[in-house]
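Notes for the one structure printed next.
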Amino acid sequence: MKKDIETSKDIALLVETFYTEIMQDELLGPVFLQHNFNLEGHLPVMISFWEGILFDIHTYKGNPVRVHQEMNAFSPLLPLHFKRWLTIWSATANKLFAGARTEEVVARAKTIASILEAKLIA
């Protein structure tokens with residue numbers, strides 16, 4: 001039986017597994033590679049981001065909208081990019097974990113994807 005997301009190590013496992021999937025994805029991998037994506041530098045940022053959401057640990061110092069605006073200016077992000085991102089995030093979370101926090105991390109990702117898509121695709 002799978003456990004729920006309980007610790008920062010669990011978030012790290014989720015984020016690292018997710019980005020491994022993303023980088024191998026035929027649709028999203030090239031988008032990240034076009035932006036000279038620094039995976040090593042990005043992982044701690046994303047772990048910090050999700051710690052804030054799930055555990056109220058606020059060490060994240062960033063602006064996700066601005067980052068995605070910069071990506072969008074370089075290579076337009078389309079609704080299918082957000083849909084695929086959410087599909088991979090949800091599948092990864094549910095493959096690794098089960099429980100209330102797992103459901104929350106998927107629900108929050110849906111909200112985040114909707115907000116970013118609305119701000120970037122007019």
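Letters for chains follow the order of the structure tokens (A, B, ...), residue numbers begin at 1 for each chain, and ligand numbers begin at 1 in the order shown.
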Self-check item: Contacts of segment 15-26 of chain A within 7 Å, only C-alpha atoms, excl. fewer than 5 positions in-chain, as a ChimeraX atom specification
Solution: /A:43,46-47,88-89,92
Spatial neighbours of Ala113 of chain A, 10 Å, only C-alpha atoms, chain gap at least 4 places, as an mmCIF file with N, CA and C atoms, in the first residue's frame:
```cif
data_model
loop_
_atom_site.group_PDB
_atom_site.id
_atom_site.type_symbol
_atom_site.label_atom_id
_atom_site.label_comp_id
_atom_site.auth_asym_id
_atom_site.auth_seq_id
_atom_site.Cartn_x
_atom_site.Cartn_y
_atom_site.Cartn_z
ATOM 1 N N PRO A 79 -2.088 25.363 -24.802
ATOM 2 C CA PRO A 79 -2.906 24.580 -23.886
ATOM 3 C C PRO A 79 -2.467 23.119 -23.787
ATOM 4 N N HIS A 81 0.496 21.959 -23.843
ATOM 5 C CA HIS A 81 1.649 21.869 -22.942
ATOM 6 C C HIS A 81 1.187 21.779 -21.486
ATOM 7 N N PHE A 82 0.233 22.630 -21.134
ATOM 8 C CA PHE A 82 -0.267 22.619 -19.761
ATOM 9 C C PHE A 82 -1.004 21.321 -19.457
ATOM 10 N N LYS A 83 -1.763 20.831 -20.414
ATOM 11 C CA LYS A 83 -2.492 19.576 -20.217
ATOM 12 C C LYS A 83 -1.519 18.418 -20.010
ATOM 13 N N TRP A 85 1.649 18.616 -18.996
ATOM 14 C CA TRP A 85 2.339 18.835 -17.719
ATOM 15 C C TRP A 85 1.484 18.290 -16.581
ATOM 16 N N LEU A 86 0.208 18.640 -16.595
ATOM 17 C CA LEU A 86 -0.692 18.203 -15.537
ATOM 18 C C LEU A 86 -0.901 16.690 -15.561
ATOM 19 N N ALA A 107 -4.636 18.503 -6.992
ATOM 20 C CA ALA A 107 -5.617 19.583 -7.114
ATOM 21 C C ALA A 107 -4.934 20.944 -7.239
ATOM 22 N N ARG A 108 -3.910 21.161 -6.444
ATOM 23 C CA ARG A 108 -3.178 22.439 -6.515
ATOM 24 C C ARG A 108 -2.491 22.608 -7.869
ATOM 25 N N ALA A 109 -1.965 21.520 -8.399
ATOM 26 C CA ALA A 109 -1.333 21.584 -9.724
ATOM 27 C C ALA A 109 -2.353 21.969 -10.790
ATOM 28 N N GLU A 117 -1.976 29.118 -17.503
ATOM 29 C CA GLU A 117 -2.528 29.096 -18.864
ATOM 30 C C GLU A 117 -3.351 30.352 -19.129
ATOM 31 N N ALA A 118 -4.174 30.771 -18.180
ATOM 32 C CA ALA A 118 -4.998 31.960 -18.350
ATOM 33 C C ALA A 118 -4.146 33.218 -18.499
ATOM 34 N N LYS A 119 -3.051 33.299 -17.754
ATOM 35 C CA LYS A 119 -2.190 34.496 -17.815
ATOM 36 C C LYS A 119 -1.327 34.533 -19.075
#
```
Quiz item: Which residues come within 9 Å of segment 32-41 of chain A, counting only C-alpha atoms, excluding same-chain residues fewer than 3 positions away, as a ChimeraX atom specification?
Solution: /A:19,22-23,28-29,44-45,71,74-75
Quiz item: Hey, what's within 9 Å of Gly62 of chain A if we count only C-alpha atoms and toss same-chain stuff fewer than 3 positions away? As a ChimeraX atom specification, please?
Solution: /A:45,49,66-67
Quiz item: Between A:Arg101, A:Leu120, A:Asp56, A:Lys110, which has the minimum distance to Glu70 of chain A (counting only C-alpha atoms)?
Solution: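 Comparing A:Arg101, A:Leu120, A:Asp56, A:Lys110 against Glu70 of chain A, the winner is A:Leu120.
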Practice problem: Grab the atom CA of Ser114 of chain A to atom CA of Ile53 of chain A distance for me, in Å with one decimal place. | Solution: 16.3 Å
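The nearest approach to Ile112 of chain A among the residues A:Leu80, A:Met1, A:Leu13, A:Val65, with only C-alpha atoms taken into account, belongs to A:Val65.
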Exercise. Using only C-alpha atoms, find the one residue out of A:Ala12, A:Leu78, A:Ile115, A:Ala91 that sits nearest to His42 of chain A.
Key: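 With only C-alpha atoms as the atom set, the closest residue is A:Ala12.
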Quiz prompt | Using only C-alpha atoms: which of A:Thr7, A:Arg84, A:Tyr60, A:Leu54 has the shortest distance to Glu103 of chain A | solution =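 Under the stated criterion, the closest residue is A:Leu54.
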